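**Q** I am attaching a structure below and will ask some questions about it afterwards.
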Amino acid sequence: MNEELKIPAHVAIILDGNGRWAKKRGLPRPMGHKEGCKTVEKCVEWAARLGIRYLTVYGFSTENWKRDSEEVSALMTLFRFYMRRLLVIAKDNNVRVRMIGDLSKFTEDIQNGIRRLERETGDNTGLTFVIAVNYGARDEMRRAVKKIAEKVRAGEMSPEDVTEEMISGQLDTAEFPDPDLLIRTGGELRLSNYLLWQCAYTEFYVTDVLWPDFSNEELVKAIESFNKRERRYGGVLS
Ligand code: IPE
Ligand code: IPE
Ligand code: MG
């Protein structure tokens with residue numbers, strides 16, 4: 001690896017292609033998700049070792065409930081299991097875990113698991129690992145707008161107080177910086193309702209590699225590509 005490589009502070013990932021990975025092998029889709037969970041575990045360690053400060057992965061979207069009930073329930077089972085595994089991995093790697101999305105839609109035991117994971121890793125000072133579950137950027141913005149409208153109605157603020165910073169502050173990601181690099185595996189060239197507000201100036205990297213096959217080498221390749229980008233934020237470089 002190039003020693004001079006600039007490591008992005010915040011890497012966001014759309015981990016796609018679990019289903020296709022399974023299909024290619026004649027396996028049921030949940031087997032792809034199981035393998036994908038193992039890759040998530042490893043990815044947390046690679047990111048921590050590379051010195052990435054924030055890693056945000058898209059685990060389950062507000063639209064993924066449309067999938068057949070067998071697949072959804074397999075995903076929930078995996079979620080329960082991996083939350084427990086993650087507790088160990090987070091402790092071993094000094095990782096702080098946070099969840100974003102509308103968590104109220106999950107069963108009580110999953111919500112308890114989430115609270116426990118966040119509480120018990122809350123003081124870790126290394127990588128912040130953010131998992132987006134039942135997350136949709138439009139739903140996140142809807143919830144933020146609702147909170148702002150309620151504050152105005154209660155007389156706590158006026159419409160003039162609505163700034164970009166205050167909107168960012170009402171989103172699920174309020175405590176995190178915007179992503180510098182967004183990686184999508186599985187080759188699709190779309191955002192699929194992920195971090196729409198936060199990715200205004202994020203650099204995109206898409207690979208055809210399916211998520212279960214993603215590796216540390218692939219992550220480094222994405223970071224190398226990021227290093228070649230010229231971020232202008234609408235300005236002109238001198
Ligand atoms: C991504 O893999 C994981 C989730 C959306 C939960 P997919 O399940 O979307 O895999 P493909 O896109 O069908 O291959
Ligand atoms: C995005 O992948 C959601 C997650 C990775 C959790 P999808 O597979 O749901 O996205 P589309 O349907 O291809 O846009
Ligand atoms: Mg997909």
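Residue names in the structure tokens use chain letters A, B, ... in the order shown, residue numbers from 1 in each chain, and ligand numbers from 1 in the order shown.
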Find the residues near ligand 3. Use a cut-off of 7 Å, count only C-alpha atoms and all ligand atoms, and write them as a PDB file with C-alpha atoms, in the first residue's frame.
**A**
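What landed in part_28.pdb:
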```
ATOM      1  CA  ASP A  16     -24.949  -4.670  -2.606  1.00  0.00           C
ATOM      2  CA  GLY A  17     -24.836  -8.002  -4.415  1.00  0.00           C
ATOM      3  CA  GLY A  19     -28.404 -12.079  -3.540  1.00  0.00           C
TER       4      GLY A  19
END
```
**Q** Just want the 9 Å neighbourhood of segment 202-210 of chain A, counted on only C-alpha atoms, with same-chain residues fewer than 6 positions away dropped. Output as a VMD selection string.
**A** chain A and resid 15 to 18 20 to 21 178 to 189 218 222 to 223 225 to 226 229 231
**Q** Find the spatial neighbours of segment 100-113 of chain A, counting only C-alpha atoms, within a cut-off of 9 Å - ignore same-chain residues fewer than 6 positions away - and output them as a short mmCIF file (atom, residue, chain, number, x, y, z; two decimals) with C-alpha atoms, in the first residue's frame.
**A**
```
data_model
loop_
_atom_site.label_atom_id
_atom_site.label_comp_id
_atom_site.auth_asym_id
_atom_site.auth_seq_id
_atom_site.Cartn_x
_atom_site.Cartn_y
_atom_site.Cartn_z
CA SER A 61 -33.42 0.08 3.62
CA THR A 62 -36.96 1.30 4.25
CA MET A 76 -33.68 -10.12 11.06
CA PHE A 79 -29.16 -8.99 12.52
CA ARG A 80 -29.84 -10.41 15.99
CA MET A 83 -25.29 -7.60 16.91
CA ARG A 84 -23.91 -9.97 19.55
CA VAL A 130 -22.49 3.39 11.78
CA ILE A 131 -25.08 0.91 10.55
CA ALA A 132 -28.10 2.18 8.62
CA VAL A 133 -31.07 -0.10 9.29
CA ASN A 134 -34.64 0.58 8.26
CA TYR A 135 -32.97 3.61 6.80
CA GLY A 136 -34.20 5.69 3.90
CA ALA A 137 -32.86 9.18 3.27
CA ASP A 139 -37.78 9.08 5.52
CA GLU A 140 -34.89 10.57 7.53
CA ARG A 143 -38.66 12.90 10.28
CA ASP A 172 -29.91 10.82 12.16
CA THR A 173 -26.32 11.60 11.18
#
```
**Q** What is the distance, in Å and to one decimal place, between atom CA of Leu86 of chain A and atom CA of Val44 of chain A?
**A**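 Interatomic distance, atom CA of Leu86 of chain A to atom CA of Val44 of chain A: 9.4 Å.
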**Q** Residues of segment 95-146 of chain A in alpha helix (DSSP H) according to DSSP, as a VMD selection string?
**A** chain A and resid 108 to 121 137 to 146
**Q** Produce a file of the selected residues containing C-alpha atoms, as a JSON list (two decimals), in the first residue's frame.
**A**
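The resulting file, again_18.json, is reproduced below:
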```json
[["chain", "number", "residue", "atom", "x", "y", "z"],
["A", 108, "GLU", "CA", -38.42, -4.96, 21.18],
["A", 109, "ASP", "CA", -35.55, -7.47, 21.48],
["A", 110, "ILE", "CA", -33.76, -5.99, 18.48],
["A", 111, "GLN", "CA", -34.22, -2.47, 19.86],
["A", 112, "ASN", "CA", -32.80, -3.61, 23.20],
["A", 113, "GLY", "CA", -29.85, -5.20, 21.38],
["A", 114, "ILE", "CA", -29.21, -1.93, 19.53],
["A", 115, "ARG", "CA", -29.31, 0.11, 22.76],
["A", 116, "ARG", "CA", -26.95, -2.33, 24.46],
["A", 117, "LEU", "CA", -24.49, -2.28, 21.56],
["A", 118, "GLU", "CA", -24.47, 1.52, 21.50],
["A", 119, "ARG", "CA", -24.17, 1.80, 25.28],
["A", 120, "GLU", "CA", -21.41, -0.76, 25.72],
["A", 121, "THR", "CA", -19.26, 0.59, 22.88],
["A", 137, "ALA", "CA", -32.86, 9.18, 3.27],
["A", 138, "ARG", "CA", -36.29, 10.54, 2.37],
["A", 139, "ASP", "CA", -37.78, 9.08, 5.52],
["A", 140, "GLU", "CA", -34.89, 10.57, 7.53],
["A", 141, "MET", "CA", -35.58, 13.99, 6.00],
["A", 142, "ARG", "CA", -39.32, 13.62, 6.61],
["A", 143, "ARG", "CA", -38.66, 12.90, 10.28],
["A", 144, "ALA", "CA", -36.28, 15.89, 10.49],
["A", 145, "VAL", "CA", -38.77, 18.26, 8.87],
["A", 146, "LYS", "CA", -41.45, 17.05, 11.28]]
```
**Q** Any chance you could list, as a list in words, the residues in segment 6-76 of chain A that come up strand (DSSP E) when DSSP is run on the backbone?
**A**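 The strand (DSSP E) subset of segment 6-76 of chain A is His10, Val11, Ala12, Ile13, Ile14, Tyr54, Leu55, Thr56, Val57, Tyr58, Gly59, Phe60 and Ser61 of chain A.
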**Q** From the set A:Arg232, A:His10, A:Arg98, A:Arg153, which residue has the shortest atom-to-atom contact distance to Arg53 of chain A, counting only C-alpha atoms?
**A**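 Of the candidates, the smallest distance to Arg53 of chain A is held by A:His10.
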**Q** Between atom CA of Ile52 of chain A and atom CA of Ile7 of chain A, measure the distance and give it in Å to one decimal.
**A**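 We find that atom CA of Ile52 of chain A and atom CA of Ile7 of chain A lie 6.3 Å from each other.
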**Q** What's the 12 Å shell around Lys34 of chain A, counting only C-alpha atoms, without same-chain residues fewer than 4 positions away, as a list in words?
**A**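 Non-adjacent residues within range: Asn18, Gly19, Trp21, Ala22, Leu27, Pro28, Arg29, Pro30, Lys38, Thr39, Val40, Glu41, Glu71, Ala74, Leu75, Met76, Thr77, Leu78, Phe79, Phe81, Tyr82, Trp211 and Pro212 of chain A.
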**Q** Residues as selected, C-alpha atoms, written as an mmCIF file, in the first residue's frame, can you do that?
**A**
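The resulting file, out-v7.cif, is shown below:
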```cif
data_model
loop_
_atom_site.group_PDB
_atom_site.id
_atom_site.type_symbol
_atom_site.label_atom_id
_atom_site.label_comp_id
_atom_site.auth_asym_id
_atom_site.auth_seq_id
_atom_site.Cartn_x
_atom_site.Cartn_y
_atom_site.Cartn_z
ATOM 1 C CA ASN A 18 -25.452 -10.565 -1.656
ATOM 2 C CA GLY A 19 -28.404 -12.079 -3.540
ATOM 3 C CA TRP A 21 -23.520 -13.878 -5.004
ATOM 4 C CA ALA A 22 -25.790 -16.630 -3.675
ATOM 5 C CA LEU A 27 -27.716 -21.047 -3.018
ATOM 6 C CA PRO A 28 -30.761 -19.359 -1.433
ATOM 7 C CA ARG A 29 -30.448 -15.556 -1.084
ATOM 8 C CA PRO A 30 -30.108 -15.633 2.739
ATOM 9 C CA LYS A 38 -18.916 -11.912 7.555
ATOM 10 C CA THR A 39 -17.563 -9.346 5.101
ATOM 11 C CA VAL A 40 -19.050 -6.526 7.202
ATOM 12 C CA GLU A 41 -17.221 -7.878 10.243
ATOM 13 C CA GLU A 71 -35.834 -13.150 3.164
ATOM 14 C CA ALA A 74 -33.669 -14.329 7.576
ATOM 15 C CA LEU A 75 -32.195 -10.820 7.609
ATOM 16 C CA MET A 76 -33.682 -10.121 11.064
ATOM 17 C CA THR A 77 -32.250 -13.387 12.404
ATOM 18 C CA LEU A 78 -28.822 -12.475 11.053
ATOM 19 C CA PHE A 79 -29.156 -8.990 12.519
ATOM 20 C CA PHE A 81 -26.868 -12.783 15.748
ATOM 21 C CA TYR A 82 -24.404 -10.254 14.364
ATOM 22 C CA TRP A 211 -20.343 -7.559 -1.440
ATOM 23 C CA PRO A 212 -19.434 -11.035 -0.063
#
```
**Q** Quick one: residues within 9 Å of Asp123 of chain A, only C-alpha atoms, excluding same-chain residues fewer than 5 positions away - as a list in words?
**A**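 That gives Asn94, Val95 and Arg96 of chain A.
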**Q** So, with only C-alpha atoms and all ligand atoms as the atoms that count, which of A:Glu70, A:Glu230, A:Glu160, A:Glu63 lies closest to ligand 1?
**A**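 Smallest separation from ligand 1 among the options: A:Glu63.
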